[in-house]
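Here is the file final-v3.json (JSON, C-alpha atoms).
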[["chain", "number", "residue", "atom", "x", "y", "z"],
["A", 1, "MET", "CA", 0.92, -30.65, -7.41],
["A", 2, "ASP", "CA", 4.17, -32.03, -6.01],
["A", 3, "HIS", "CA", 4.14, -35.28, -4.03],
["A", 4, "PRO", "CA", 6.40, -36.18, -1.10],
["A", 5, "ARG", "CA", 9.68, -37.95, -1.69],
["A", 6, "SER", "CA", 11.76, -39.93, 0.78],
["A", 7, "VAL", "CA", 13.70, -37.70, 3.16],
["A", 8, "THR", "CA", 15.71, -39.25, 5.96],
["A", 9, "SER", "CA", 17.65, -36.39, 7.58],
["A", 10, "ALA", "CA", 16.27, -33.63, 9.75],
["A", 11, "ARG", "CA", 16.94, -30.01, 8.88],
["A", 12, "GLN", "CA", 17.44, -27.00, 11.06],
["A", 13, "LEU", "CA", 14.66, -24.47, 10.85],
["A", 14, "ARG", "CA", 15.04, -20.83, 11.95],
["A", 15, "TRP", "CA", 12.20, -18.37, 12.23],
["A", 16, "SER", "CA", 11.40, -14.78, 13.19],
["A", 17, "GLY", "CA", 8.07, -12.96, 13.43],
["A", 18, "GLN", "CA", 7.06, -9.34, 13.87],
["A", 19, "THR", "CA", 3.75, -7.47, 13.83],
["A", 20, "ASP", "CA", 2.86, -3.79, 14.31],
["A", 21, "ARG", "CA", -0.46, -1.95, 14.29],
["A", 22, "GLY", "CA", 1.08, 0.80, 12.16],
["A", 23, "LYS", "CA", 0.71, 4.57, 12.41],
["A", 24, "VAL", "CA", -3.02, 4.93, 11.69],
["A", 25, "ARG", "CA", -5.05, 1.96, 12.95],
["A", 26, "PRO", "CA", -6.12, 2.06, 16.64],
["A", 27, "ASN", "CA", -5.76, -1.72, 17.03],
["A", 28, "ASN", "CA", -3.97, -4.60, 15.34],
["A", 29, "GLU", "CA", -6.24, -6.93, 13.35],
["A", 30, "ASP", "CA", -3.26, -9.00, 12.19],
["A", 31, "ALA", "CA", -2.14, -12.13, 14.00],
["A", 32, "PHE", "CA", 0.65, -14.64, 13.46],
["A", 33, "LEU", "CA", 1.41, -18.06, 14.86],
["A", 34, "GLY", "CA", 4.37, -20.37, 15.24],
["A", 35, "LEU", "CA", 3.52, -23.87, 16.39],
["A", 36, "LEU", "CA", 5.42, -27.09, 17.06],
["A", 37, "PHE", "CA", 3.14, -30.13, 17.08],
["A", 38, "ASN", "CA", 2.77, -33.87, 16.75],
["A", 39, "ALA", "CA", -0.12, -36.30, 17.18],
["A", 40, "PHE", "CA", -0.39, -35.65, 20.90],
["A", 41, "GLU", "CA", 0.35, -32.03, 21.67],
["A", 42, "ALA", "CA", 1.06, -28.57, 20.31],
["A", 43, "HIS", "CA", 3.30, -25.83, 21.68],
["A", 44, "HIS", "CA", 3.50, -22.15, 20.80],
["A", 45, "LEU", "CA", 6.84, -20.98, 19.48],
["A", 46, "GLY", "CA", 8.43, -17.67, 20.43],
["A", 47, "LYS", "CA", 8.80, -14.80, 17.98],
["A", 48, "ILE", "CA", 12.39, -15.84, 17.26],
["A", 49, "GLY", "CA", 13.92, -19.30, 17.45],
["A", 50, "GLU", "CA", 15.36, -22.39, 15.83],
["A", 51, "ALA", "CA", 14.67, -26.11, 15.97],
["A", 52, "PHE", "CA", 15.02, -29.29, 13.92],
["A", 53, "THR", "CA", 12.43, -31.02, 11.79],
["A", 54, "GLY", "CA", 12.22, -34.71, 12.64],
["A", 55, "THR", "CA", 9.74, -36.19, 15.07],
["A", 56, "THR", "CA", 7.69, -32.98, 15.13],
["A", 57, "ASP", "CA", 6.11, -30.76, 12.51],
["A", 58, "PHE", "CA", 5.91, -26.98, 12.44],
["A", 59, "ILE", "CA", 3.11, -24.61, 11.51],
["A", 60, "PHE", "CA", 3.52, -20.92, 10.71],
["A", 61, "ALA", "CA", 0.54, -18.76, 9.81],
["A", 62, "VAL", "CA", -0.58, -15.16, 9.38],
["A", 63, "SER", "CA", -4.11, -13.79, 9.27],
["A", 64, "ASP", "CA", -5.62, -10.35, 8.71],
["A", 65, "GLY", "CA", -9.07, -9.86, 10.21],
["A", 66, "MET", "CA", -11.83, -7.58, 8.95],
["A", 67, "GLY", "CA", -15.03, -6.28, 10.49],
["A", 68, "GLY", "CA", -16.48, -3.48, 12.55],
["A", 69, "ALA", "CA", -15.27, -2.46, 16.03],
["A", 70, "MET", "CA", -13.05, -5.30, 17.32],
["A", 71, "ALA", "CA", -14.52, -7.99, 15.06],
["A", 72, "GLY", "CA", -11.50, -8.17, 12.77],
["A", 73, "GLU", "CA", -9.16, -8.63, 15.71],
["A", 74, "PHE", "CA", -11.42, -11.35, 17.12],
["A", 75, "ALA", "CA", -11.51, -13.13, 13.75],
["A", 76, "SER", "CA", -7.73, -13.34, 13.39],
["A", 77, "ARG", "CA", -7.20, -14.42, 17.01],
["A", 78, "ILE", "CA", -9.93, -17.07, 16.83],
["A", 79, "THR", "CA", -8.33, -18.41, 13.64],
["A", 80, "MET", "CA", -4.96, -18.87, 15.36],
["A", 81, "GLU", "CA", -6.59, -20.63, 18.31],
["A", 82, "LYS", "CA", -8.50, -23.04, 16.06],
["A", 83, "ILE", "CA", -5.32, -24.00, 14.19],
["A", 84, "MET", "CA", -3.66, -24.99, 17.46],
["A", 85, "ARG", "CA", -6.62, -27.11, 18.50],
["A", 86, "LEU", "CA", -7.45, -28.79, 15.21],
["A", 87, "LEU", "CA", -4.14, -29.67, 13.55],
["A", 88, "PRO", "CA", -2.80, -32.14, 16.15],
["A", 89, "ARG", "CA", -6.08, -34.05, 15.85],
["A", 90, "SER", "CA", -5.72, -34.26, 12.06],
["A", 91, "TYR", "CA", -2.08, -35.29, 12.41],
["A", 92, "LYS", "CA", -3.08, -38.12, 14.76],
["A", 93, "GLN", "CA", -5.75, -39.39, 12.35],
["A", 94, "SER", "CA", -3.18, -39.47, 9.56],
["A", 95, "ALA", "CA", -0.69, -41.36, 11.75],
["A", 96, "LEU", "CA", -3.37, -43.94, 12.60],
["A", 97, "GLY", "CA", -3.76, -44.80, 8.93],
["A", 98, "PHE", "CA", -6.67, -42.67, 7.78],
["A", 99, "GLU", "CA", -6.56, -42.02, 4.05],
["A", 100, "THR", "CA", -5.94, -38.31, 4.52],
["A", 101, "GLY", "CA", -3.46, -36.31, 2.46],
["A", 102, "PHE", "CA", -2.16, -32.87, 3.33],
["A", 103, "ALA", "CA", -4.56, -31.21, 0.90],
["A", 104, "ASP", "CA", -7.54, -32.86, 2.59],
["A", 105, "VAL", "CA", -6.27, -31.94, 6.06],
["A", 106, "LEU", "CA", -5.79, -28.29, 5.09],
["A", 107, "ALA", "CA", -9.12, -28.07, 3.27],
["A", 108, "GLU", "CA", -10.88, -29.47, 6.36],
["A", 109, "LEU", "CA", -8.99, -27.08, 8.63],
["A", 110, "PHE", "CA", -10.00, -24.05, 6.58],
["A", 111, "ASP", "CA", -13.60, -25.25, 6.39],
["A", 112, "GLN", "CA", -13.88, -25.75, 10.15],
["A", 113, "ILE", "CA", -12.40, -22.32, 10.88],
["A", 114, "HIS", "CA", -14.77, -20.77, 8.36],
["A", 115, "ARG", "CA", -17.81, -22.43, 9.90],
["A", 116, "HIS", "CA", -16.79, -21.40, 13.40],
["A", 117, "LEU", "CA", -16.24, -17.75, 12.43],
["A", 118, "ALA", "CA", -19.57, -17.65, 10.59],
["A", 119, "GLU", "CA", -21.34, -19.10, 13.65],
["A", 120, "VAL", "CA", -19.73, -16.58, 16.01],
["A", 121, "GLY", "CA", -20.66, -13.81, 13.59],
["A", 122, "ARG", "CA", -24.29, -14.92, 13.62],
["A", 123, "SER", "CA", -24.38, -15.31, 17.40],
["A", 124, "TYR", "CA", -22.91, -12.00, 18.53],
["A", 125, "HIS", "CA", -23.96, -8.61, 17.18],
["A", 126, "GLU", "CA", -20.52, -7.08, 17.68],
["A", 127, "CYS", "CA", -18.98, -9.86, 15.53],
["A", 128, "ALA", "CA", -21.52, -9.77, 12.70],
["A", 129, "GLY", "CA", -19.87, -10.19, 9.29],
["A", 130, "MET", "CA", -16.36, -10.67, 10.62],
["A", 131, "GLU", "CA", -13.89, -12.24, 8.18],
["A", 132, "THR", "CA", -10.21, -13.04, 7.98],
["A", 133, "THR", "CA", -7.52, -14.05, 5.54],
["A", 134, "LEU", "CA", -5.30, -17.02, 6.33],
["A", 135, "SER", "CA", -1.94, -18.04, 4.87],
["A", 136, "LEU", "CA", -0.40, -21.12, 6.47],
["A", 137, "CYS", "CA", 2.80, -23.14, 6.01],
["A", 138, "TRP", "CA", 3.18, -26.66, 7.38],
["A", 139, "PHE", "CA", 6.79, -27.89, 7.56],
["A", 140, "THR", "CA", 7.57, -31.57, 7.78],
["A", 141, "LEU", "CA", 10.63, -33.58, 6.70],
["A", 142, "GLY", "CA", 11.70, -32.18, 3.33],
["A", 143, "TRP", "CA", 8.38, -30.58, 2.45],
["A", 144, "MET", "CA", 6.41, -27.43, 3.08],
["A", 145, "TYR", "CA", 2.66, -27.73, 2.53],
["A", 146, "PHE", "CA", 0.63, -24.55, 2.33],
["A", 147, "GLY", "CA", -2.97, -23.40, 2.45],
["A", 148, "HIS", "CA", -4.23, -19.92, 1.66],
["A", 149, "ILE", "CA", -7.29, -17.73, 1.29],
["A", 150, "GLY", "CA", -7.52, -13.93, 0.99],
["A", 151, "ASP", "CA", -4.79, -11.42, 0.20],
["A", 152, "SER", "CA", -2.12, -12.21, 2.77],
["A", 153, "ARG", "CA", 0.80, -13.88, 1.02],
["A", 154, "ILE", "CA", 3.41, -16.64, 1.07],
["A", 155, "TYR", "CA", 6.68, -16.06, -0.79],
["A", 156, "TYR", "CA", 9.40, -18.59, -1.62],
["A", 157, "LEU", "CA", 13.06, -17.58, -2.00],
["A", 158, "PRO", "CA", 14.94, -20.68, -3.23],
["A", 159, "ALA", "CA", 18.67, -20.77, -2.47],
["A", 160, "ARG", "CA", 19.62, -22.73, -5.58],
["A", 161, "GLU", "CA", 17.65, -20.78, -8.19],
["A", 162, "GLY", "CA", 17.73, -17.38, -6.53],
["A", 163, "GLY", "CA", 15.03, -14.76, -6.86],
["A", 164, "ILE", "CA", 11.64, -14.66, -5.19],
["A", 165, "ARG", "CA", 8.31, -16.25, -6.10],
["A", 166, "GLN", "CA", 4.84, -15.56, -4.72],
["A", 167, "LEU", "CA", 3.30, -18.98, -4.05],
["A", 168, "THR", "CA", -0.18, -17.75, -3.19],
["A", 169, "HIS", "CA", -2.77, -16.01, -5.34],
["A", 170, "ASP", "CA", -4.42, -12.85, -4.02],
["A", 171, "ASP", "CA", -8.15, -13.59, -3.96],
["A", 172, "THR", "CA", -9.02, -10.26, -5.57],
["A", 173, "HIS", "CA", -9.87, -9.15, -9.09],
["A", 174, "ILE", "CA", -6.78, -6.93, -9.06],
["A", 175, "GLY", "CA", -4.68, -9.95, -8.14],
["A", 176, "TRP", "CA", -6.13, -11.83, -11.10],
["A", 177, "LEU", "CA", -5.30, -8.94, -13.43],
["A", 178, "PHE", "CA", -1.72, -8.84, -12.16],
["A", 179, "ARG", "CA", -1.22, -12.62, -12.47],
["A", 180, "ASN", "CA", -2.47, -12.49, -16.05],
["A", 181, "GLY", "CA", -0.16, -9.67, -17.09],
["A", 182, "LYS", "CA", -2.89, -7.06, -17.42],
["A", 183, "MET", "CA", -1.47, -4.85, -14.66],
["A", 184, "THR", "CA", 2.02, -4.10, -13.37],
["A", 185, "GLU", "CA", 3.06, -4.69, -9.76],
["A", 186, "ARG", "CA", 3.20, -0.92, -9.23],
["A", 187, "GLU", "CA", -0.29, -0.42, -10.66],
["A", 188, "ALA", "CA", -1.70, -3.26, -8.54],
["A", 189, "LYS", "CA", -0.24, -1.75, -5.35],
["A", 190, "VAL", "CA", -2.10, 1.54, -5.73],
["A", 191, "HIS", "CA", -5.38, 0.39, -7.29],
["A", 192, "PRO", "CA", -8.32, 1.54, -5.11],
["A", 193, "ARG", "CA", -10.01, -1.89, -5.28],
["A", 194, "ARG", "CA", -6.93, -3.97, -4.54],
["A", 195, "HIS", "CA", -8.32, -5.13, -1.17],
["A", 196, "VAL", "CA", -11.83, -6.08, -2.28],
["A", 197, "LEU", "CA", -11.73, -9.78, -1.44],
["A", 198, "GLN", "CA", -13.48, -12.47, -3.46],
["A", 199, "LYS", "CA", -12.70, -15.12, -0.81],
["A", 200, "ALA", "CA", -12.23, -15.02, 2.96],
["A", 201, "LEU", "CA", -12.98, -17.10, 6.04],
["A", 202, "GLY", "CA", -16.20, -16.20, 7.84],
["A", 203, "GLY", "CA", -18.60, -13.48, 6.79],
["A", 204, "GLY", "CA", -21.38, -14.32, 4.38],
["A", 205, "ASN", "CA", -19.41, -16.82, 2.30],
["A", 206, "GLN", "CA", -21.28, -20.14, 2.15],
["A", 207, "PHE", "CA", -18.31, -22.26, 1.09],
["A", 208, "VAL", "CA", -14.55, -21.80, 1.11],
["A", 209, "GLU", "CA", -12.06, -23.32, -1.29],
["A", 210, "PRO", "CA", -8.49, -22.59, -0.18],
["A", 211, "GLN", "CA", -5.51, -22.71, -2.47],
["A", 212, "VAL", "CA", -3.23, -25.58, -1.42],
["A", 213, "GLY", "CA", 0.19, -26.63, -2.62],
["A", 214, "ALA", "CA", 3.56, -28.12, -1.70],
["A", 215, "VAL", "CA", 7.21, -27.16, -2.05],
["A", 216, "ALA", "CA", 10.20, -29.48, -1.57],
["A", 217, "TYR", "CA", 12.66, -27.33, 0.35],
["A", 218, "GLU", "CA", 16.45, -27.45, 0.54],
["A", 219, "ALA", "CA", 19.09, -25.93, 2.81],
["A", 220, "GLY", "CA", 19.20, -22.16, 2.46],
["A", 221, "ASP", "CA", 15.64, -21.77, 1.19],
["A", 222, "LEU", "CA", 13.60, -18.94, 2.71],
["A", 223, "PHE", "CA", 9.86, -18.53, 3.12],
["A", 224, "LEU", "CA", 8.04, -15.28, 3.91],
["A", 225, "LEU", "CA", 4.46, -15.03, 5.15],
["A", 226, "CYS", "CA", 3.03, -11.52, 5.32],
["A", 227, "THR", "CA", -0.17, -9.50, 5.50],
["A", 228, "ASP", "CA", -1.18, -6.86, 2.99],
["A", 229, "GLY", "CA", 0.27, -4.08, 5.14],
["A", 230, "LEU", "CA", 3.74, -5.36, 4.26],
["A", 231, "ALA", "CA", 2.90, -6.31, 0.67],
["A", 232, "ASP", "CA", 1.46, -2.86, -0.02],
["A", 233, "SER", "CA", 4.52, -1.05, 1.31],
["A", 234, "LEU", "CA", 7.41, -2.96, -0.29],
["A", 235, "PHE", "CA", 8.01, -4.45, -3.74],
["A", 236, "ASP", "CA", 8.97, -8.08, -4.24],
["A", 237, "GLU", "CA", 12.53, -7.13, -5.16],
["A", 238, "GLU", "CA", 12.79, -5.26, -1.86],
["A", 239, "PHE", "CA", 11.69, -8.35, 0.05],
["A", 240, "HIS", "CA", 14.53, -10.19, -1.67],
["A", 241, "ARG", "CA", 17.09, -7.50, -0.82],
["A", 242, "TYR", "CA", 16.16, -7.19, 2.86],
["A", 243, "LEU", "CA", 16.19, -10.97, 3.30],
["A", 244, "ARG", "CA", 19.14, -11.99, 1.14],
["A", 245, "LEU", "CA", 21.30, -8.86, 0.91],
["A", 246, "PRO", "CA", 20.83, -6.75, 4.04],
["A", 247, "SER", "CA", 23.32, -4.02, 4.85],
["A", 248, "SER", "CA", 25.53, -4.48, 7.91],
["A", 249, "VAL", "CA", 23.23, -2.17, 9.88],
["A", 250, "GLU", "CA", 20.03, -3.94, 8.71],
["A", 251, "ALA", "CA", 21.51, -7.35, 9.53],
["A", 252, "ARG", "CA", 21.57, -6.43, 13.24],
["A", 253, "ALA", "CA", 17.79, -6.89, 13.29],
["A", 254, "HIS", "CA", 16.14, -10.26, 12.74],
["A", 255, "PRO", "CA", 14.67, -10.76, 9.22],
["A", 256, "ALA", "CA", 11.00, -10.14, 10.10],
["A", 257, "GLN", "CA", 11.91, -7.01, 12.03],
["A", 258, "ARG", "CA", 13.88, -5.67, 9.04],
["A", 259, "LEU", "CA", 10.86, -5.99, 6.80],
["A", 260, "VAL", "CA", 8.29, -4.53, 9.20],
["A", 261, "GLU", "CA", 10.48, -1.57, 10.10],
["A", 262, "ALA", "CA", 11.12, -0.84, 6.42],
["A", 263, "ALA", "CA", 7.37, -1.04, 5.69],
["A", 264, "LEU", "CA", 6.53, 1.31, 8.58],
["A", 265, "GLU", "CA", 9.13, 3.80, 7.43],
["A", 266, "ARG", "CA", 7.67, 3.69, 3.91],
["A", 267, "SER", "CA", 3.98, 3.79, 4.86],
["A", 268, "GLY", "CA", 2.49, 2.51, 8.12],
["A", 269, "HIS", "CA", -1.10, 3.04, 6.97],
["A", 270, "ASP", "CA", -2.09, -0.52, 7.85],
["A", 271, "ASN", "CA", -1.33, -3.26, 10.35],
["A", 272, "THR", "CA", 1.89, -4.92, 9.21],
["A", 273, "THR", "CA", 3.07, -8.49, 9.85],
["A", 274, "ALA", "CA", 5.98, -10.60, 8.62],
["A", 275, "LEU", "CA", 7.00, -14.17, 9.44],
["A", 276, "VAL", "CA", 10.27, -15.48, 7.96],
["A", 277, "ILE", "CA", 11.42, -19.12, 7.98],
["A", 278, "GLU", "CA", 14.87, -20.24, 6.82],
["A", 279, "MET", "CA", 15.90, -23.84, 6.23],
["A", 280, "GLY", "CA", 19.39, -24.76, 7.47]]
Could you render the structure from this file as structure tokens?
Amino acid sequence: MDHPRSVTSARQLRWSGQTDRGKVRPNNEDAFLGLLFNAFEAHHLGKIGEAFTGTTDFIFAVSDGMGGAMAGEFASRITMEKIMRLLPRSYKQSALGFETGFADVLAELFDQIHRHLAEVGRSYHECAGMETTLSLCWFTLGWMYFGHIGDSRIYYLPAREGGIRQLTHDDTHIGWLFRNGKMTEREAKVHPRRHVLQKALGGGNQFVEPQVGAVAYEAGDLFLLCTDGLADSLFDEEFHRYLRLPSSVEARAHPAQRLVEAALERSGHDNTTALVIEMG
């Protein structure tokens, strides 16, 4: 795992987010969050905006809830609310000198959300068994730290090297087969068991062990967070084209909107969410 290096200058950060319930689902079980925070407070960010890293950190996250009736929607919304409440507290502890690294902070965050969802699921019949995925990026000076569980995704599009790389692992058997070269991307997208999760927050899982990591970002780098509704509809190379090489007509829409509209035109069978962050 990478470790932080000295970074003295702030960078501009631009973001856009879009979500849609799609053409089939009656409600939207996806949720996304943009958050500016420090040791004392946290503020929601709009769907589109820009700011500078420096004295504040930024959190961006997507979640895809699952469960009967409205339970999936509750799970994803509760997850976003818990992030806003818990992360400033962890940030403050770190600033006060606690021996807490980003991996520990994110592991504790995921564990607390998991425990809360499980407790709500046990306490209310209509929420029984509810679960959610969570993919989260934490931007500070020079570094993006991430935590992940489920089959939502975080992609990295480096400006210097080009191309696109999926940072997160889908917590499914099909995802494991794809990562190990036993299945093509096209085969994985249509496999009937592609969404059978081996890990999620809430539900009957006793423990959670999120994937955590870090990326040292540079000017021009892009990050994409998305739910499976987007990942199922478009191929990785299409993500790259819509983000890096949009047509003049496509470029009129903000990056997240481009992706969601393309996914809905292609499919629309699921809730679809995209969150795009570009480093200036």
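Considering the residues A:Gly150, A:Pro88, A:Gly162, A:Gly202 and counting all atoms listed in the file, Gly72 in chain A has its shortest atom-to-atom contact with A:Gly202.
In this comparison, which uses all atoms listed in the file, the residue of A:Val260, A:Met84, A:Met144, A:Ala61 approaching Leu13 in chain A most closely is A:Met144.
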Range 177-179 of chain A surroundings by only C-alpha atoms, 12 Å radius, close-in-sequence under 6 positions cut, as number ranges by chain: A: 166-171, 185-189, 191, 193-194
Atoms kept (C-alpha atoms) for selection, written as a compact mmCIF listing (two decimals), in the coordinates of the input:
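Written file, selection.txt:
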# COMPACT_ATOMS: atom_id res chain seq x y z
CA GLN A 166 4.84 -15.56 -4.72
CA LEU A 167 3.30 -18.98 -4.05
CA THR A 168 -0.18 -17.75 -3.19
CA HIS A 169 -2.77 -16.01 -5.34
CA ASP A 170 -4.42 -12.85 -4.02
CA ASP A 171 -8.15 -13.59 -3.96
CA GLU A 185 3.06 -4.69 -9.76
CA ARG A 186 3.20 -0.92 -9.23
CA GLU A 187 -0.29 -0.42 -10.66
CA ALA A 188 -1.70 -3.26 -8.54
CA LYS A 189 -0.24 -1.75 -5.35
CA HIS A 191 -5.38 0.39 -7.29
CA ARG A 193 -10.01 -1.89 -5.28
CA ARG A 194 -6.93 -3.97 -4.54
Coordinates-based distance that separates CA of Met66 in chain A from CA of Asp236 in chain A (Å, one decimal): 24.6 Å
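From CA of Glu261 in chain A back to CA of Leu245 in chain A, the distance works out to 16.0 Å.
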Gap from CA of His269 in chain A to CA of Arg25 in chain A - Å, one decimal: 7.2 Å
Pick from A:Arg85, A:Gln198, A:Asp221, A:Ile149 nearest to Leu136 in chain A, counting only C-alpha atoms: A:Ile149
Counting all atoms listed in the file, the option among A:Asp104, A:Glu237, A:Asp57, A:Asp64 closest to Cys137 in chain A: A:Asp57
Nearest residue to Cys226 in chain A from the set A:Ala262, A:Leu275, A:Cys127, A:Ala256 (distances using all atoms listed in the file): A:Leu275
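The closest residue to Ile59 in chain A, picked from A:Trp176, A:Tyr124, A:Tyr217, A:Trp138 and counting all atoms listed in the file, is A:Trp138.
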With all atoms of range 124-130 of chain A from the file as input, state the centre and edge lengths in Å to one decimal of the axis-aligned box that has 4 Å extra on each side, as AutoDock Vina command-line options.
--center_x -20.2 --center_y -9.5 --center_z 13.9 --size_x 15.6 --size_y 12.9 --size_z 17.2
Selection: 6 Å around Arg21 in chain A, only C-alpha atoms, excl. self and same-chain fewer than 4 positions, as number ranges by chain: A: 27-28, 271
Convert the current residue selection to file output with C-alpha atoms, as a PDB file, in the frame of the given file.
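Contents of the output file out_2.pdb:
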ATOM      1  CA  ASN A  27      -5.760  -1.720  17.030  1.00  0.00           C
ATOM      2  CA  ASN A  28      -3.970  -4.600  15.340  1.00  0.00           C
ATOM      3  CA  ASN A 271      -1.330  -3.260  10.350  1.00  0.00           C
TER       4      ASN A 271
END
Long-range neighbours of Leu222 in chain A as a PyMOL selection string, 12 Å cut-off, all atoms listed in the file, 3 positions minimum in chain: chain A and resi 13-16+144+154-166+215-219+225+239-240+243-244+255-256+275-280
